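Novice: Sharing query33.txt (compact mmCIF, C-alpha atoms) below.
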```txt
# COMPACT_ATOMS: atom_id res chain seq x y z
CA ASN A 1 11.87 -1.66 15.28
CA ALA A 2 13.95 -2.21 12.16
CA GLY A 3 11.22 -3.76 9.98
CA VAL A 4 12.72 -5.39 6.88
CA THR A 5 16.48 -5.06 6.44
CA GLN A 6 18.38 -6.03 3.29
CA THR A 7 22.13 -6.51 2.96
CA PRO A 8 24.11 -5.56 1.03
CA LYS A 9 22.57 -2.40 -0.39
CA PHE A 10 24.92 -2.27 -3.38
CA ARG A 11 27.04 -4.89 -5.09
CA VAL A 12 28.96 -5.18 -8.34
CA LEU A 13 29.71 -8.66 -9.66
CA LYS A 14 31.49 -10.08 -12.64
CA THR A 15 29.70 -12.57 -14.86
CA GLY A 16 29.87 -16.03 -13.33
CA GLN A 17 30.46 -14.91 -9.76
CA SER A 18 28.12 -15.94 -6.98
CA MET A 19 26.60 -14.00 -4.15
CA THR A 20 23.86 -14.07 -1.53
CA LEU A 21 21.43 -11.34 -0.57
CA LEU A 22 20.13 -11.43 2.98
CA CYS A 23 16.72 -10.29 4.09
CA ALA A 24 15.91 -10.06 7.78
CA GLN A 25 12.60 -9.08 9.37
CA ASP A 26 11.87 -8.57 13.03
CA MET A 27 8.06 -8.57 12.86
CA ASN A 28 7.54 -12.32 13.22
CA HIS A 29 6.05 -12.47 9.74
CA GLU A 30 5.27 -15.82 8.16
CA TYR A 31 5.40 -14.79 4.52
CA MET A 32 8.50 -13.45 2.83
CA TYR A 33 9.14 -12.54 -0.80
CA TRP A 34 11.95 -11.61 -3.15
CA TYR A 35 11.13 -9.29 -6.04
CA ARG A 36 13.22 -7.72 -8.74
CA GLN A 37 12.41 -4.32 -10.19
CA ASP A 38 13.46 -3.35 -13.68
CA PRO A 39 12.61 -0.18 -15.64
CA GLY A 40 9.32 -0.51 -17.48
CA MET A 41 8.60 -3.97 -16.08
CA GLY A 42 7.44 -3.29 -12.58
CA LEU A 43 8.11 -5.66 -9.73
CA ARG A 44 8.31 -9.35 -10.54
CA LEU A 45 8.26 -12.09 -7.98
CA ILE A 46 11.34 -14.33 -7.93
CA HIS A 47 10.70 -16.69 -5.02
CA TYR A 48 8.62 -16.62 -1.90
CA SER A 49 8.20 -18.46 1.39
CA VAL A 50 5.07 -19.14 3.40
CA GLY A 51 6.95 -20.17 6.52
CA GLU A 52 10.21 -21.39 7.99
CA GLY A 53 11.69 -24.20 5.95
CA THR A 54 9.41 -23.65 2.94
CA THR A 55 10.11 -21.92 -0.36
CA ALA A 56 8.34 -21.71 -3.71
CA LYS A 57 9.00 -20.34 -7.18
CA GLY A 58 7.52 -17.11 -8.34
CA GLU A 59 7.25 -15.57 -11.76
CA VAL A 60 10.97 -15.35 -12.67
CA PRO A 61 12.87 -17.96 -10.60
CA ASP A 62 15.51 -19.07 -13.11
CA GLY A 63 19.08 -18.37 -12.04
CA TYR A 64 18.15 -17.83 -8.39
CA ASN A 65 17.91 -20.02 -5.31
CA VAL A 66 16.49 -19.24 -1.88
CA SER A 67 16.50 -20.59 1.62
CA ARG A 68 14.42 -19.91 4.74
CA LEU A 69 16.22 -21.77 7.52
CA LYS A 70 15.07 -19.28 10.15
CA LYS A 71 11.70 -17.58 10.24
CA GLN A 72 13.21 -14.12 10.32
CA ASN A 73 15.65 -14.60 7.44
CA PHE A 74 15.15 -15.17 3.73
CA LEU A 75 18.24 -15.56 1.57
CA LEU A 76 18.44 -15.07 -2.18
CA GLY A 77 21.37 -16.65 -3.96
CA LEU A 78 22.84 -16.19 -7.41
CA GLU A 79 25.07 -19.16 -8.23
CA SER A 80 26.49 -17.83 -11.49
CA ALA A 81 25.59 -14.19 -12.07
CA ALA A 82 24.63 -12.98 -15.55
CA PRO A 83 24.27 -9.42 -16.88
CA SER A 84 20.51 -10.04 -17.20
CA GLN A 85 20.40 -10.22 -13.40
CA THR A 86 21.41 -6.59 -13.09
CA SER A 87 18.48 -5.16 -11.20
CA VAL A 88 17.21 -3.78 -7.94
CA TYR A 89 16.11 -6.54 -5.60
CA PHE A 90 13.47 -6.03 -2.95
CA CYS A 91 12.53 -8.23 -0.06
CA ALA A 92 9.07 -8.00 1.48
CA SER A 93 7.21 -9.66 4.29
CA THR A 94 3.70 -9.91 5.65
CA LEU A 95 2.07 -11.56 8.61
CA LEU A 96 -0.96 -12.79 6.71
CA ALA A 97 -1.09 -13.08 2.95
CA GLY A 98 -4.45 -12.02 1.61
CA VAL A 99 -6.88 -10.94 4.27
CA GLY A 100 -5.38 -8.06 6.19
CA GLY A 101 -1.97 -8.68 4.75
CA GLU A 102 -0.13 -5.37 4.60
CA LEU A 103 3.19 -5.86 2.85
CA PHE A 104 6.39 -4.36 4.26
CA PHE A 105 9.39 -3.78 2.02
CA GLY A 106 13.10 -3.43 2.54
CA GLU A 107 15.07 -0.56 1.04
CA GLY A 108 16.37 -2.62 -1.84
CA SER A 109 19.68 -4.09 -3.00
CA ARG A 110 21.11 -2.72 -6.21
CA LEU A 111 23.07 -5.36 -8.10
CA THR A 112 25.18 -4.77 -11.17
CA VAL A 113 26.62 -7.70 -13.11
CA LEU A 114 29.39 -6.79 -15.54
CA LYS B 1 -2.82 -14.43 -15.07
CA GLN B 2 -3.50 -11.14 -13.33
CA GLU B 3 -2.47 -8.07 -15.30
CA VAL B 4 -2.41 -4.62 -13.78
CA THR B 5 -2.45 -1.34 -15.67
CA GLN B 6 -1.91 2.08 -14.18
CA ILE B 7 -2.88 5.24 -16.01
CA PRO B 8 -1.37 7.74 -16.42
CA ALA B 9 2.23 6.55 -16.41
CA ALA B 10 3.37 10.03 -15.40
CA LEU B 11 1.65 13.11 -14.09
CA SER B 12 2.79 16.63 -13.25
CA VAL B 13 0.49 18.95 -11.31
CA PRO B 14 0.87 22.25 -9.47
CA GLU B 15 0.75 22.24 -5.71
CA GLY B 16 -2.72 22.29 -4.22
CA GLU B 17 -4.48 20.34 -6.95
CA ASN B 18 -6.63 17.33 -6.23
CA LEU B 19 -5.75 14.37 -8.39
CA VAL B 20 -6.80 10.84 -9.22
CA LEU B 21 -4.58 7.89 -10.07
CA ASN B 22 -6.13 4.91 -11.80
CA CYS B 23 -5.49 1.21 -11.50
CA SER B 24 -7.21 -1.54 -13.47
CA PHE B 25 -6.80 -5.28 -13.14
CA THR B 26 -7.99 -8.21 -15.21
CA ASP B 27 -8.84 -10.80 -12.55
CA SER B 28 -11.58 -9.47 -10.29
CA ALA B 29 -11.37 -12.39 -7.85
CA ILE B 30 -9.14 -10.50 -5.45
CA TYR B 31 -8.86 -10.65 -1.67
CA ASN B 32 -7.56 -7.12 -1.31
CA LEU B 33 -5.67 -4.36 -3.08
CA GLN B 34 -2.82 -2.25 -1.79
CA TRP B 35 -1.54 1.11 -2.87
CA PHE B 36 2.15 1.80 -2.37
CA ARG B 37 4.41 4.78 -2.64
CA GLN B 38 8.01 4.53 -3.84
CA ASP B 39 10.49 7.36 -3.57
CA PRO B 40 13.53 7.32 -5.90
CA GLY B 41 16.12 4.81 -4.76
CA LYS B 42 13.92 3.58 -1.95
CA GLY B 43 11.68 0.66 -1.15
CA LEU B 44 7.90 0.61 -1.29
CA THR B 45 5.78 1.96 1.52
CA SER B 46 2.22 0.74 1.94
CA LEU B 47 -0.28 3.61 1.88
CA LEU B 48 -3.66 1.94 1.93
CA LEU B 49 -4.98 -1.60 2.02
CA ILE B 50 -8.55 -2.20 0.85
CA GLN B 51 -10.19 -5.51 1.56
CA SER B 52 -12.39 -6.98 -1.17
CA SER B 53 -15.48 -6.34 0.98
CA GLN B 54 -14.70 -2.63 1.27
CA ARG B 55 -15.47 0.15 -1.20
CA GLU B 56 -13.19 2.82 0.23
CA GLN B 57 -10.28 3.36 2.57
CA THR B 58 -9.01 6.71 3.80
CA SER B 59 -5.79 7.90 5.37
CA GLY B 60 -5.31 11.62 5.79
CA ARG B 61 -5.40 13.27 2.36
CA LEU B 62 -5.50 9.91 0.61
CA ASN B 63 -8.63 8.05 -0.36
CA ALA B 64 -8.65 4.78 -2.24
CA SER B 65 -11.73 3.24 -3.77
CA LEU B 66 -12.27 -0.26 -5.07
CA ASP B 67 -14.77 -1.54 -7.63
CA LYS B 68 -13.94 -5.21 -7.67
CA SER B 69 -16.54 -6.24 -10.22
CA SER B 70 -15.21 -3.83 -12.82
CA GLY B 71 -11.58 -4.45 -11.91
CA ARG B 72 -10.77 -0.88 -10.96
CA SER B 73 -9.29 1.08 -8.11
CA THR B 74 -8.54 4.77 -7.79
CA LEU B 75 -6.26 6.69 -5.46
CA TYR B 76 -7.43 10.21 -4.74
CA ILE B 77 -4.92 12.68 -3.37
CA ALA B 78 -6.37 15.89 -1.99
CA ALA B 79 -4.54 19.21 -1.90
CA SER B 80 -1.33 17.81 -3.36
CA GLN B 81 2.04 18.89 -1.95
CA PRO B 82 5.60 18.71 -3.34
CA GLY B 83 6.28 16.01 -0.76
CA ASP B 84 3.74 13.80 -2.54
CA SER B 85 6.09 13.53 -5.49
CA ALA B 86 6.86 9.83 -5.90
CA THR B 87 5.81 6.78 -7.88
CA TYR B 88 2.53 5.22 -6.82
CA LEU B 89 1.90 1.53 -7.41
CA CYS B 90 -1.20 -0.57 -6.97
CA ALA B 91 -1.15 -4.28 -6.26
CA PRO B 92 -4.20 -6.54 -6.17
CA TYR B 93 -3.89 -9.83 -4.33
CA THR B 94 -5.68 -12.84 -5.81
CA GLY B 95 -4.48 -15.48 -3.42
CA THR B 96 -2.80 -17.40 -6.19
CA ALA B 97 0.70 -18.44 -5.12
CA SER B 98 0.38 -16.08 -2.17
CA LYS B 99 1.53 -13.10 -4.14
CA LEU B 100 0.57 -9.64 -5.23
CA THR B 101 0.73 -8.47 -8.82
CA PHE B 102 2.13 -4.98 -9.25
CA GLY B 103 1.33 -2.35 -11.80
CA THR B 104 4.22 -0.37 -13.30
CA GLY B 105 3.13 2.70 -11.40
CA THR B 106 2.28 6.34 -11.92
CA ARG B 107 5.15 8.77 -11.47
CA LEU B 108 3.78 11.91 -9.83
CA GLN B 109 5.50 15.26 -9.68
CA VAL B 110 3.93 18.08 -7.70
CA THR B 111 5.44 21.45 -8.56
CA LEU B 112 5.54 24.65 -6.54
```
Starting from the coordinates I provided, produce the structure as structure tokens.
Specialist:
Amino acid sequence: NAGVTQTPKFRVLKTGQSMTLLCAQDMNHEYMYWYRQDPGMGLRLIHYSVGEGTTAKGEVPDGYNVSRLKKQNFLLGLESAAPSQTSVYFCASTLLAGVGGELFFGEGSRLTVL
Amino acid sequence: KQEVTQIPAALSVPEGENLVLNCSFTDSAIYNLQWFRQDPGKGLTSLLLIQSSQREQTSGRLNASLDKSSGRSTLYIAASQPGDSATYLCAPYTGTASKLTFGTGTRLQVTL
């Protein structure tokens, strides 16, 4: 049982380049989330999805896009990377948000934008 | 907007000590609260999930309490071990936008 898997784990980009982070979960979870973690700022929600085909903005959505074409996958895209997007990105999923909703995290994707 | 504060930000204790980590939140209308552990360079691992109707939740040497009305939760670690060294984060869930709000964590170091 792999849980939540993120790829790639590390990536270095130049300003203006684009890339996609993939999150895959094998627990049949409905809810999926993308967070970024920066020193001193904790985890901040970028986008989330409450089911296949649905996405919504979180706290810091600017500069990012997401898609949830399949229930098990949640993609995070950067169309034109900026140095301010240097961060560690975490994907998480849960079966039920709220009541009984234990959150499972991936190992993280460390992105550096030069 | 939910705001979460964790005190202390860092803590160093000798092995064997019992310790308490504190979490306070501003919006008491929560459904549940989770405590997580994060090791350096790793993702978050859920330790305990307390529903809003519960006062306590226990797992091994860990005990988490919740006082929803006062906006506080504590994580008690008994007989600390070097392997407990990590950052501990709390996250109350208010049901707004289906998301949790995370504190910035308490970095714990347990020394031999």
Novice: Can you work out the spacing between atom CA of Phe74 of chain A and atom CA of Ala24 of chain A in Å, to one decimal?
Specialist: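 So the two atoms, atom CA of Phe74 of chain A and atom CA of Ala24 of chain A, lie 6.6 Å apart.
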Novice: Taking all atoms listed in the file into account, which residues of chain A are within 8 Å of chain B, as a ChimeraX atom specification?
Specialist: /A:40-45,50,58,90,97-100,102-108
Novice: Find the residue from A:Thr15, A:Ser80, A:Thr86, A:Ser49 that sits nearest to Arg68 of chain A; use only C-alpha atoms when measuring.
Specialist: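 Smallest distance to Arg68 of chain A is found for A:Ser49.
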Novice: Could you jot down the atom CA of Asp38 of chain A to atom CA of Val88 of chain A separation for me, Å, one decimal place?
Specialist: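 Between atom CA of Asp38 of chain A and atom CA of Val88 of chain A the gap is 6.9 Å.
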Novice: Tell me, in Å to one decimal, how far atom CA of Arg107 of chain B is from atom CA of Arg61 of chain B.
Specialist: 18.0 Å
Novice: Restricting the calculation to only C-alpha atoms: of A:Met32, A:Ala82, A:Leu21, A:Met27, which residue gets closest to Asn65 of chain A?
Specialist: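 Using only C-alpha atoms, the shortest distance to Asn65 of chain A belongs to A:Leu21.
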Novice: Under the rule that all atoms listed in the file are counted, which of B:Arg55, B:Asp84, B:Leu112, B:Leu21 is the nearest residue to Asp39 of chain B?
Specialist: B:Asp84
Novice: Give me the residues near Ser67 of chain A as a PyMOL selection string, where near means some atom within 10 Å (using all atoms listed in the file) and where sequence neighbours in that chain fewer than 6 positions away do not count.
Specialist: chain A and resi 22+47-49+52-56+73-77
Novice: Can you work out which one of B:Asn18, B:Ser73, B:Ser24, B:Ser12 has the shortest atom-to-atom distance to Ala86 of chain B, counting all atoms listed in the file?
Specialist: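 Among B:Asn18, B:Ser73, B:Ser24, B:Ser12, it is B:Ser12 that comes nearest to Ala86 of chain B.
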Novice: I'd like to know which of B:Leu19, B:Ser53, B:Leu66, B:Thr87 is closest to Leu108 of chain B, using all atoms listed in the file.
Specialist: B:Thr87
Novice: Some atoms are absent from segment 77-88 of chain A, so rebuild all heavy atoms and return them as an mmCIF file, keeping the file's coordinate frame.
Specialist:
```
data_model
loop_
_atom_site.group_PDB
_atom_site.id
_atom_site.type_symbol
_atom_site.label_atom_id
_atom_site.label_comp_id
_atom_site.auth_asym_id
_atom_site.auth_seq_id
_atom_site.Cartn_x
_atom_site.Cartn_y
_atom_site.Cartn_z
ATOM 1 N N GLY A 77 20.060 -16.346 -3.432
ATOM 2 C CA GLY A 77 21.370 -16.650 -3.960
ATOM 3 C C GLY A 77 21.420 -16.618 -5.477
ATOM 4 O O GLY A 77 20.467 -17.005 -6.147
ATOM 5 N N LEU A 78 22.546 -16.125 -5.982
ATOM 6 C CA LEU A 78 22.840 -16.190 -7.410
ATOM 7 C C LEU A 78 24.076 -17.075 -7.534
ATOM 8 O O LEU A 78 25.149 -16.709 -7.034
ATOM 9 C CB LEU A 78 23.135 -14.814 -7.994
ATOM 10 C CG LEU A 78 21.979 -13.852 -8.226
ATOM 11 C CD1 LEU A 78 21.449 -13.303 -6.903
ATOM 12 C CD2 LEU A 78 22.425 -12.717 -9.133
ATOM 13 N N GLU A 79 23.951 -18.216 -8.151
ATOM 14 C CA GLU A 79 25.070 -19.160 -8.230
ATOM 15 C C GLU A 79 26.092 -18.750 -9.296
ATOM 16 O O GLU A 79 27.288 -18.909 -9.110
ATOM 17 C CB GLU A 79 24.557 -20.561 -8.527
ATOM 18 C CG GLU A 79 23.806 -21.174 -7.342
ATOM 19 C CD GLU A 79 23.407 -22.608 -7.612
ATOM 20 O OE1 GLU A 79 23.494 -23.048 -8.777
ATOM 21 O OE2 GLU A 79 22.997 -23.283 -6.646
ATOM 22 N N SER A 80 25.606 -18.233 -10.404
ATOM 23 C CA SER A 80 26.490 -17.830 -11.490
ATOM 24 C C SER A 80 25.861 -16.597 -12.143
ATOM 25 O O SER A 80 25.026 -16.721 -13.042
ATOM 26 C CB SER A 80 26.644 -18.962 -12.510
ATOM 27 O OG SER A 80 27.481 -18.561 -13.576
ATOM 28 N N ALA A 81 26.259 -15.423 -11.672
ATOM 29 C CA ALA A 81 25.590 -14.190 -12.070
ATOM 30 C C ALA A 81 25.740 -13.918 -13.565
ATOM 31 O O ALA A 81 26.793 -14.180 -14.177
ATOM 32 C CB ALA A 81 26.142 -13.029 -11.270
ATOM 33 N N ALA A 82 24.653 -13.358 -14.135
ATOM 34 C CA ALA A 82 24.630 -12.980 -15.550
ATOM 35 C C ALA A 82 24.218 -11.518 -15.657
ATOM 36 O O ALA A 82 23.522 -10.999 -14.775
ATOM 37 C CB ALA A 82 23.624 -13.861 -16.302
ATOM 38 N N PRO A 83 24.644 -10.836 -16.720
ATOM 39 C CA PRO A 83 24.270 -9.420 -16.880
ATOM 40 C C PRO A 83 22.764 -9.185 -16.809
ATOM 41 O O PRO A 83 22.315 -8.125 -16.365
ATOM 42 C CB PRO A 83 24.848 -9.057 -18.249
ATOM 43 C CG PRO A 83 26.037 -9.959 -18.390
ATOM 44 C CD PRO A 83 25.618 -11.255 -17.760
ATOM 45 N N SER A 84 21.974 -10.176 -17.232
ATOM 46 C CA SER A 84 20.510 -10.040 -17.200
ATOM 47 C C SER A 84 19.970 -9.970 -15.759
ATOM 48 O O SER A 84 18.799 -9.636 -15.555
ATOM 49 C CB SER A 84 19.847 -11.213 -17.926
ATOM 50 O OG SER A 84 20.174 -12.435 -17.283
ATOM 51 N N GLN A 85 20.820 -10.295 -14.801
ATOM 52 C CA GLN A 85 20.400 -10.220 -13.400
ATOM 53 C C GLN A 85 20.723 -8.866 -12.757
ATOM 54 O O GLN A 85 20.484 -8.679 -11.562
ATOM 55 C CB GLN A 85 21.026 -11.362 -12.599
ATOM 56 C CG GLN A 85 20.505 -12.726 -13.047
ATOM 57 C CD GLN A 85 21.151 -13.880 -12.323
ATOM 58 O OE1 GLN A 85 22.378 -14.021 -12.324
ATOM 59 N NE2 GLN A 85 20.334 -14.724 -11.699
ATOM 60 N N THR A 86 21.254 -7.968 -13.559
ATOM 61 C CA THR A 86 21.410 -6.590 -13.090
ATOM 62 C C THR A 86 20.032 -6.017 -12.828
ATOM 63 O O THR A 86 19.178 -5.985 -13.719
ATOM 64 C CB THR A 86 22.143 -5.741 -14.148
ATOM 65 O OG1 THR A 86 23.478 -6.219 -14.285
ATOM 66 C CG2 THR A 86 22.154 -4.269 -13.759
ATOM 67 N N SER A 87 19.814 -5.583 -11.590
ATOM 68 C CA SER A 87 18.480 -5.160 -11.200
ATOM 69 C C SER A 87 18.521 -4.603 -9.788
ATOM 70 O O SER A 87 19.562 -4.608 -9.120
ATOM 71 C CB SER A 87 17.513 -6.360 -11.253
ATOM 72 O OG SER A 87 16.176 -5.954 -11.023
ATOM 73 N N VAL A 88 17.378 -4.125 -9.347
ATOM 74 C CA VAL A 88 17.210 -3.780 -7.940
ATOM 75 C C VAL A 88 16.326 -4.858 -7.316
ATOM 76 O O VAL A 88 15.242 -5.142 -7.830
ATOM 77 C CB VAL A 88 16.568 -2.396 -7.744
ATOM 78 C CG1 VAL A 88 16.451 -2.083 -6.259
ATOM 79 C CG2 VAL A 88 17.385 -1.322 -8.460
#
```
